[in-house]
>>> print(open('start_1.cif').read())   # mmCIF, C-alpha atoms
data_start
loop_
_atom_site.label_atom_id
_atom_site.label_comp_id
_atom_site.auth_asym_id
_atom_site.auth_seq_id
_atom_site.Cartn_x
_atom_site.Cartn_y
_atom_site.Cartn_z
CA MET A 1185 203.66 143.58 75.56
CA LYS A 1186 205.23 140.13 75.88
CA THR A 1187 205.38 138.09 79.07
CA ASP A 1188 206.41 134.54 79.92
CA LYS A 1189 203.19 133.93 81.83
CA GLY A 1190 200.71 133.93 78.95
CA GLY A 1191 198.04 136.60 79.19
CA LEU A 1192 196.63 138.41 82.21
CA ILE A 1193 192.81 138.49 82.13
CA PHE A 1194 190.73 140.29 84.76
CA ASP A 1195 187.30 139.10 83.66
CA ILE A 1196 185.54 136.74 81.26
CA GLN A 1197 181.84 137.36 80.65
CA GLY A 1198 179.64 134.83 78.92
CA PHE A 1199 176.27 135.55 77.32
CA SER A 1200 177.40 139.06 76.33
CA VAL A 1201 175.01 140.69 73.86
CA HIS A 1202 176.35 144.25 73.57
CA ASP A 1203 179.92 143.69 72.34
CA GLY A 1204 179.29 142.32 68.87
CA PRO A 1205 176.76 140.25 66.93
CA GLY A 1206 174.84 137.48 68.67
CA SER A 1207 175.48 136.11 72.13
CA ARG A 1208 179.23 136.15 72.80
CA THR A 1209 182.03 135.71 75.28
CA THR A 1210 183.87 138.91 76.21
CA VAL A 1211 187.44 138.58 77.44
CA PHE A 1212 188.89 141.53 79.40
CA LEU A 1213 192.68 141.74 79.10
CA SER A 1214 194.70 143.71 81.63
CA GLY A 1215 196.98 146.58 80.71
CA CYS A 1216 196.30 149.86 78.93
CA PRO A 1217 198.59 152.65 77.63
CA LEU A 1218 195.91 155.25 78.32
CA ARG A 1219 194.85 156.70 81.65
CA CYS A 1220 191.33 157.88 80.90
CA ARG A 1221 190.08 159.80 83.91
CA TRP A 1222 186.57 158.37 83.43
CA CYS A 1223 187.74 154.73 83.08
CA ALA A 1224 185.04 152.22 84.10
CA ASN A 1225 187.52 149.34 84.53
CA PRO A 1226 190.41 150.78 86.56
CA GLU A 1227 191.38 147.30 87.76
CA GLY A 1228 192.39 146.56 84.17
CA ARG A 1229 194.75 149.49 83.64
CA GLU A 1230 197.90 147.80 84.95
CA LEU A 1231 199.50 144.59 83.70
CA ARG A 1232 199.46 143.08 87.16
CA ARG A 1233 196.98 141.47 89.50
CA GLN A 1234 195.09 143.96 91.65
CA LEU A 1235 193.64 143.86 95.14
CA LEU A 1236 190.21 145.41 95.66
CA PHE A 1237 188.77 146.03 99.12
CA SER A 1238 185.03 146.22 99.84
CA ALA A 1239 184.35 147.86 103.21
CA GLN A 1240 180.73 146.68 103.06
CA LYS A 1241 181.80 143.03 103.14
CA CYS A 1242 184.47 143.43 105.81
CA LEU A 1243 183.67 141.99 109.28
CA CYS A 1244 186.61 143.61 111.06
CA GLU A 1245 184.54 146.26 112.83
CA LYS A 1246 181.63 143.92 113.54
CA SER A 1247 183.46 140.81 114.76
CA GLY A 1248 187.06 141.91 115.22
CA CYS A 1249 188.28 139.80 112.32
CA GLN A 1250 191.89 140.58 111.41
CA ARG A 1251 192.69 137.56 109.25
CA CYS A 1252 194.04 139.68 106.37
CA ALA A 1253 196.45 141.60 108.64
CA THR A 1254 197.66 138.39 110.29
CA ALA A 1255 198.18 136.66 106.94
CA CYS A 1256 200.13 139.46 105.24
CA PRO A 1257 203.86 138.53 105.31
CA ARG A 1258 204.93 142.12 104.63
CA GLY A 1259 202.97 143.86 107.36
CA ALA A 1260 201.23 145.99 104.75
CA ILE A 1261 197.85 145.76 106.51
CA THR A 1262 197.11 147.39 109.85
CA VAL A 1263 193.82 147.82 111.68
CA SER A 1264 192.76 151.32 112.61
CA GLY A 1265 189.35 152.55 113.70
CA GLY A 1266 187.90 149.09 113.35
CA MET A 1267 188.85 148.78 109.67
CA PRO A 1268 191.91 147.34 107.92
CA LYS A 1269 194.18 149.83 106.20
CA ARG A 1270 196.53 148.70 103.43
CA ASP A 1271 199.78 150.36 102.39
CA ALA A 1272 199.70 149.64 98.66
CA SER A 1273 203.35 150.59 98.24
CA MET A 1274 204.35 147.63 100.43
CA CYS A 1275 202.29 145.28 98.24
CA LYS A 1276 204.29 145.87 95.07
CA GLY A 1277 206.00 142.72 93.93
CA CYS A 1278 203.83 140.50 96.12
CA GLY A 1279 202.84 137.37 94.24
CA SER A 1280 201.31 135.32 97.03
CA PHE A 1281 198.33 137.50 98.09
CA GLU A 1282 197.85 135.62 101.37
CA CYS A 1283 195.60 138.45 102.57
CA ALA A 1284 192.96 137.83 99.89
CA ARG A 1285 193.04 134.08 100.43
CA ALA A 1286 192.64 134.59 104.19
CA CYS A 1287 189.48 136.71 103.76
CA TYR A 1288 186.53 134.32 103.90
CA HIS A 1289 183.98 137.02 103.05
CA GLU A 1290 185.69 138.38 99.91
CA ALA A 1291 186.13 141.84 101.37
CA LEU A 1292 189.61 141.58 99.86
CA ARG A 1293 189.30 140.36 96.28
CA LEU A 1294 192.08 139.57 93.85
CA SER A 1295 191.44 140.71 90.30
CA GLY A 1296 193.31 139.13 87.42
CA ARG A 1297 194.48 135.66 86.46
CA TRP A 1298 197.17 134.47 84.07
CA TYR A 1299 195.99 132.24 81.22
CA GLU A 1300 197.88 130.27 78.61
CA ALA A 1301 196.43 130.66 75.12
CA GLU A 1302 195.19 127.08 74.96
CA GLU A 1303 193.59 127.42 78.40
CA LEU A 1304 191.59 130.40 77.17
CA MET A 1305 190.64 128.50 74.02
CA GLN A 1306 189.17 125.77 76.20
CA VAL A 1307 186.91 128.37 77.80
CA LEU A 1308 185.83 129.63 74.36
CA ARG A 1309 185.16 126.11 73.10
CA ARG A 1310 183.03 125.45 76.18
CA ASP A 1311 181.06 128.67 75.63
CA ARG A 1312 180.69 128.16 71.90
CA GLN A 1313 177.71 125.85 72.29
CA PHE A 1314 175.80 128.75 73.89
CA TRP A 1315 176.65 131.37 71.27
CA SER A 1316 173.90 132.46 68.91
CA ALA A 1317 175.61 133.75 65.76
CA GLY A 1318 178.25 135.03 68.18
CA GLY A 1319 181.92 134.65 68.92
CA VAL A 1320 184.52 136.26 71.15
CA THR A 1321 185.15 139.94 71.87
CA PHE A 1322 188.46 141.10 73.32
CA SER A 1323 188.17 144.13 75.59
CA GLY A 1324 190.09 145.56 78.52
CA GLY A 1325 192.06 147.51 79.61
CA ASP A 1326 193.17 147.47 76.03
CA PRO A 1327 193.79 144.11 74.33
CA LEU A 1328 196.59 145.58 72.18
CA PHE A 1329 198.68 146.05 75.33
CA GLN A 1330 199.20 142.26 75.37
CA LYS A 1331 199.69 142.01 71.63
CA ASP A 1332 201.67 138.75 71.53
CA PHE A 1333 199.22 136.81 73.68
CA LEU A 1334 196.29 138.31 71.79
CA LEU A 1335 197.75 137.29 68.43
CA ASP A 1336 198.34 133.75 69.66
CA VAL A 1337 194.68 133.44 70.65
CA LEU A 1338 193.41 135.17 67.50
CA LYS A 1339 195.31 132.78 65.24
CA ARG A 1340 193.77 129.84 67.08
CA CYS A 1341 190.32 131.42 66.70
CA ARG A 1342 190.88 131.83 62.97
CA LYS A 1343 191.73 128.14 62.62
CA GLU A 1344 188.51 127.22 64.42
CA ALA A 1345 186.36 129.72 62.49
CA ILE A 1346 185.47 131.73 65.60
CA HIS A 1347 184.15 135.24 64.92
CA THR A 1348 186.41 137.82 66.57
CA ALA A 1349 185.73 141.37 67.71
CA ILE A 1350 187.87 143.89 69.56
CA GLU A 1351 187.28 147.03 71.64
CA THR A 1352 190.40 149.18 71.61
CA ALA A 1353 191.71 152.72 71.85
CA GLY A 1354 193.95 151.94 68.88
CA TYR A 1355 197.08 153.28 70.59
CA ALA A 1356 199.84 150.97 69.33
CA GLU A 1357 202.62 150.79 66.78
CA THR A 1358 200.96 150.82 63.38
CA ALA A 1359 202.56 147.53 62.28
CA ASP A 1360 201.32 145.83 65.44
CA PHE A 1361 197.87 147.37 65.07
CA LEU A 1362 197.49 146.18 61.48
CA GLU A 1363 198.80 142.71 62.30
CA VAL A 1364 196.23 142.25 65.06
CA MET A 1365 193.45 143.63 62.87
CA SER A 1366 194.24 141.10 60.14
CA TYR A 1367 192.70 138.47 62.48
CA ILE A 1368 189.73 140.63 63.57
CA ASP A 1369 186.29 140.49 61.99
CA LEU A 1370 184.75 143.48 63.80
CA ALA A 1371 186.59 146.38 65.42
CA PHE A 1372 185.35 149.11 67.73
CA VAL A 1373 188.02 151.83 67.87
CA ASP A 1374 187.64 154.83 70.17
CA ILE A 1375 188.02 158.49 69.29
CA LYS A 1376 188.08 160.30 72.63
CA HIS A 1377 188.87 163.73 71.18
CA MET A 1378 190.10 165.13 67.87
CA ASP A 1379 192.28 167.74 69.58
CA SER A 1380 195.51 166.05 70.65
CA GLY A 1381 196.11 168.38 73.58
CA LEU A 1382 192.65 167.81 75.02
CA HIS A 1383 193.00 164.10 74.30
CA LYS A 1384 196.22 164.01 76.31
CA ARG A 1385 194.73 166.06 79.15
CA GLU A 1386 192.07 163.43 79.92
CA THR A 1387 193.75 160.22 78.71
CA GLY A 1388 197.45 160.77 79.27
CA VAL A 1389 198.44 160.41 75.60
CA GLY A 1390 198.00 162.37 72.39
CA ASN A 1391 195.80 161.14 69.56
CA GLU A 1392 198.20 161.22 66.58
CA ARG A 1393 199.02 157.52 66.69
CA ILE A 1394 195.35 156.57 67.09
CA LEU A 1395 194.15 158.66 64.14
CA GLN A 1396 197.02 157.40 62.01
CA ASN A 1397 196.14 153.80 62.78
CA ILE A 1398 192.49 154.34 61.92
CA SER A 1399 193.49 155.97 58.63
CA ARG A 1400 195.95 153.21 57.77
CA LEU A 1401 193.37 150.54 58.55
CA SER A 1402 190.75 152.23 56.37
CA THR A 1403 193.10 152.18 53.35
CA SER A 1404 194.48 148.68 53.98
CA PRO A 1405 193.24 145.45 52.33
CA TRP A 1406 191.52 144.51 55.61
CA ASN A 1407 187.93 143.42 54.92
CA GLY A 1408 186.56 143.51 58.47
CA ARG A 1409 183.95 145.92 59.81
CA LEU A 1410 185.14 149.09 61.56
CA ILE A 1411 182.87 151.05 63.89
CA LEU A 1412 184.32 154.12 65.57
CA ARG A 1413 183.23 154.95 69.10
CA ILE A 1414 182.98 158.12 71.14
CA PRO A 1415 182.45 157.98 74.90
CA VAL A 1416 180.45 161.20 75.11
CA ILE A 1417 181.58 163.39 78.01
CA GLU A 1418 179.59 166.55 78.74
CA GLY A 1419 181.70 169.67 78.33
CA TYR A 1420 184.62 167.72 76.89
CA ASN A 1421 183.79 166.16 73.52
CA ASP A 1422 180.05 166.68 73.06
CA GLY A 1423 180.24 170.05 71.29
CA ALA A 1424 178.88 170.40 67.75
CA GLU A 1425 182.19 171.65 66.34
CA HIS A 1426 184.05 168.65 67.74
CA ILE A 1427 181.47 166.31 66.23
CA ARG A 1428 181.95 168.05 62.87
CA GLU A 1429 185.69 167.43 63.14
CA VAL A 1430 184.99 163.73 63.69
CA ILE A 1431 182.70 163.75 60.66
CA ARG A 1432 185.39 165.39 58.50
CA PHE A 1433 187.90 162.76 59.62
CA MET A 1434 185.48 159.94 58.87
CA LYS A 1435 184.60 161.32 55.43
CA MET A 1436 188.27 161.76 54.60
CA ASN A 1437 188.87 158.07 55.42
CA GLY A 1438 185.72 156.65 53.87
CA LEU A 1439 184.21 155.61 57.21
CA PHE A 1440 180.46 155.55 57.73
CA GLU A 1441 179.64 153.97 61.13
CA ILE A 1442 180.01 155.33 64.64
CA ASN A 1443 178.74 154.33 68.08
CA ILE A 1444 178.25 157.08 70.68
CA LEU A 1445 178.28 155.93 74.29
CA PRO A 1446 176.59 157.77 77.16
CA PHE A 1447 178.82 158.51 80.15
CA HIS A 1448 178.04 156.62 83.35
CA ARG A 1449 179.61 156.39 86.80
CA MET A 1450 179.36 152.61 87.13
CA GLY A 1451 183.11 152.32 87.71
CA THR A 1452 183.06 154.49 90.85
CA THR A 1453 182.93 151.52 93.23
CA LYS A 1454 185.96 149.92 91.62
CA TRP A 1455 188.03 153.10 92.01
CA THR A 1456 187.05 153.18 95.69
CA GLN A 1457 187.90 149.50 96.18
CA LEU A 1458 191.33 150.12 94.66
CA GLY A 1459 191.87 152.93 97.17
CA LEU A 1460 191.70 155.59 94.45
CA GLU A 1461 189.62 158.72 94.07
CA TYR A 1462 187.44 158.71 90.95
CA PRO A 1463 188.13 162.00 89.07
CA TYR A 1464 184.73 161.84 87.34
CA GLY A 1465 182.74 161.03 90.46
CA ARG A 1466 180.69 164.22 90.12
CA GLN A 1467 180.40 164.23 86.34
CA PRO A 1468 176.71 164.26 85.33
CA PRO A 1469 175.46 161.24 83.38
CA GLY A 1470 174.93 161.58 79.67
CA SER A 1471 171.82 163.40 78.47
CA GLU A 1472 169.61 161.40 76.12
CA GLN A 1473 168.63 164.60 74.35
CA LYS A 1474 172.28 165.54 73.76
CA LEU A 1475 173.03 162.08 72.36
CA LYS A 1476 170.12 162.38 69.94
CA GLU A 1477 171.36 165.81 68.82
CA ILE A 1478 174.80 164.35 68.16
CA GLN A 1479 173.23 161.42 66.33
CA GLN A 1480 171.37 163.81 64.04
CA LEU A 1481 174.62 165.58 63.10
CA PHE A 1482 176.08 162.27 61.92
CA LEU A 1483 172.90 161.13 60.18
CA PHE A 1484 172.65 164.43 58.30
CA CYS A 1485 176.08 163.65 56.83
CA ASP A 1486 175.08 160.09 55.84
CA ILE A 1487 177.00 158.44 58.67
CA ALA A 1488 175.22 155.66 60.54
CA CYS A 1489 175.24 156.60 64.24
CA TYR A 1490 174.20 154.16 66.95
CA ILE A 1491 173.49 155.25 70.52
CA GLY A 1492 174.70 152.93 73.26
CA SER A 1493 173.76 149.31 72.65
CA GLU A 1494 171.64 150.06 69.58
CA VAL A 1495 174.34 148.96 67.12
CA VAL A 1496 172.85 147.14 64.13
CA TYR A 1497 174.70 143.91 63.39
#
>>> encode(input="start_1.cif", output="C-alpha cells")
Amino acid sequence: MKTDKGGLIFDIQGFSVHDGPGSRTTVFLSGCPLRCRWCANPEGRELRRQLLFSAQKCLCEKSGCQRCATACPRGAITVSGGMPKRDASMCKGCGSFECARACYHEALRLSGRWYEAEELMQVLRRDRQFWSAGGVTFSGGDPLFQKDFLLDVLKRCRKEAIHTAIETAGYAETADFLEVMSYIDLAFVDIKHMDSGLHKRETGVGNERILQNISRLSTSPWNGRLILRIPVIEGYNDGAEHIREVIRFMKMNGLFEINILPFHRMGTTKWTQLGLEYPYGRQPPGSEQKLKEIQQLFLFCDIACYIGSEVVY
C-alpha cells in the first residue's frame, strides 16, 4: 500500500537475536491483510496509529486525574466509575491525539510513527555498529502491506550491503511478492493451514495466494534462504495429517526448512489495551511434547525442522 507519509512503524527493536542471523534490528511495520485470531501484535493490524490504554497506570480513580478527558477535542473520553471510558468510533480520523500527550503517566499510549525511508536508514546505520553478523529484519503486521515503502528501504539496504530478512504471511500480489523478495536475503513465510476454508476461518483470508507465492518463489531465480513457519495451534493445525500435507507441499516445491512456533498468549494485554477481547485468551499454550512429535514427522521426511528460536543460521 502506498502513502504520502512514508512508512508507519509501530516498533523498532535493537539487539534482536531471534529474527535472523546474528544480533539485528527488527522493524515492525503497521498494516496486515490477515486477521489472525491469535495475533500477538494487534496494534500493528491497521495502517493507522493506535491508542492503547493501561488501566494499571491510570491515576483517575486514585487522584481524580481527568487530563485525557479534558484534552480530547472530540469529547470521546468520559469518566465513569472512577475510570476513563473512550468511544473509539469518535476517535477515527483524529490526528492530534491530545489525550495521549496529556497523560503524564502513559496510561494512554500512542502506538505507531511515520518514518521517511532515509530516516529509518539513519536508525539502521546507528545500530549497525552493534550488529554481530546481523542486519535488519522487517516484521509486522505484515511488511508487504506497505510494499512501496518497504521496497524503498530495501533498495537502500542493498546499496549499503545490509543483510535483510522478512517475516511475512506472503499474502500479496505475486508480482509484488517476487519484487520484494528480490531484495531479501532470508525469508520466513507462514503457513497457517493447508485447508483454505480453515485458513480463512481463523485468519480472514484463504490460502491460495500464499501457497502460490511460495511455489513461485521456490521456482524463481531468487537465491535467498526460505524458511517456512507454522504457528502451532492446538486443535487447529497440529494434527499429523495436516503436517503431512505441509510436507507434501514442501517436497513438491523442493523446500527443506521449516520453523514451528509454540502458541503463547503474550499478546493478551495488547488486545485489552486496545479495548478488544482476545479470541484466544483461553487457548492452552503449546505443548513441548506435541512440538517434538511434529518435529519428528518433518525430520523423518528429511526436512529440517526448528522449534521456536532454535533456527540454525
>>> residues_around(input="start_1.cif", residues="range 1442-1455 of chain A", least_positions_apart="4", cutoff="10 Å", atoms="all atoms listed in the file", output="PyMOL selection string")
chain A and resi 1222-1227+1236-1238+1372-1375+1410-1418+1430-1431+1434+1459-1472+1474-1476+1478-1479+1482+1487-1495
>>> closest_residue(input="start_1.cif", among="A:Asn1391, A:Gln1457, A:Gln1234, A:Asn1421", to="Ser1280 in chain A", atoms="all atoms listed in the file")
A:Gln1234
>>> residues_around(input="start_1.cif", residues="Phe1281 in chain A", least_positions_apart="4", cutoff="8 Å", atoms="all atoms listed in the file", output="ChimeraX atom specification")
/A:1256,1285,1294
>>> resolve_selection(input="start_1.cif", expression="the PyMOL selection byres ((chain A and resi 1327-1330) around 8)", output="list in words")
Met1185, Lys1186, Gly1191, Phe1212, Leu1213, Ser1214, Gly1215, Cys1216, Pro1217, Phe1322, Ser1323, Gly1324, Gly1325, Asp1326, Lys1331, Asp1332, Phe1333, Leu1334, Ile1350, Glu1351, Thr1352, Gly1354, Tyr1355, Ala1356, Phe1361 and Val1364 of chain A
>>> closest_residue(input="start_1.cif", among="A:His1289, A:Arg1221, A:His1377, A:Arg1208", to="Leu1395 in chain A", atoms="all atoms listed in the file")
A:His1377
>>> closest_residue(input="start_1.cif", among="A:Arg1270, A:Lys1246, A:Lys1241, A:Arg1340", to="Ala1291 in chain A", atoms="all atoms listed in the file")
A:Lys1241
>>> closest_residue(input="start_1.cif", among="A:Trp1406, A:Phe1314, A:Phe1484, A:Tyr1497", to="Gly1198 in chain A", atoms="only C-alpha atoms")
A:Phe1314
>>> closest_residue(input="start_1.cif", among="A:Asp1336, A:Asp1379, A:Glu1441, A:Asp1422", to="Glu1477 in chain A", atoms="only C-alpha atoms")
A:Asp1422
>>> closest_residue(input="start_1.cif", among="A:Ala1255, A:Cys1485, A:Leu1235, A:Leu1308", to="Leu1458 in chain A", atoms="only C-alpha atoms")
A:Leu1235
>>> atom_distance(input="start_1.cif", atom1="CA of Ser1404 in chain A", atom2="CA of Ala1371 in chain A")
14.1 Å
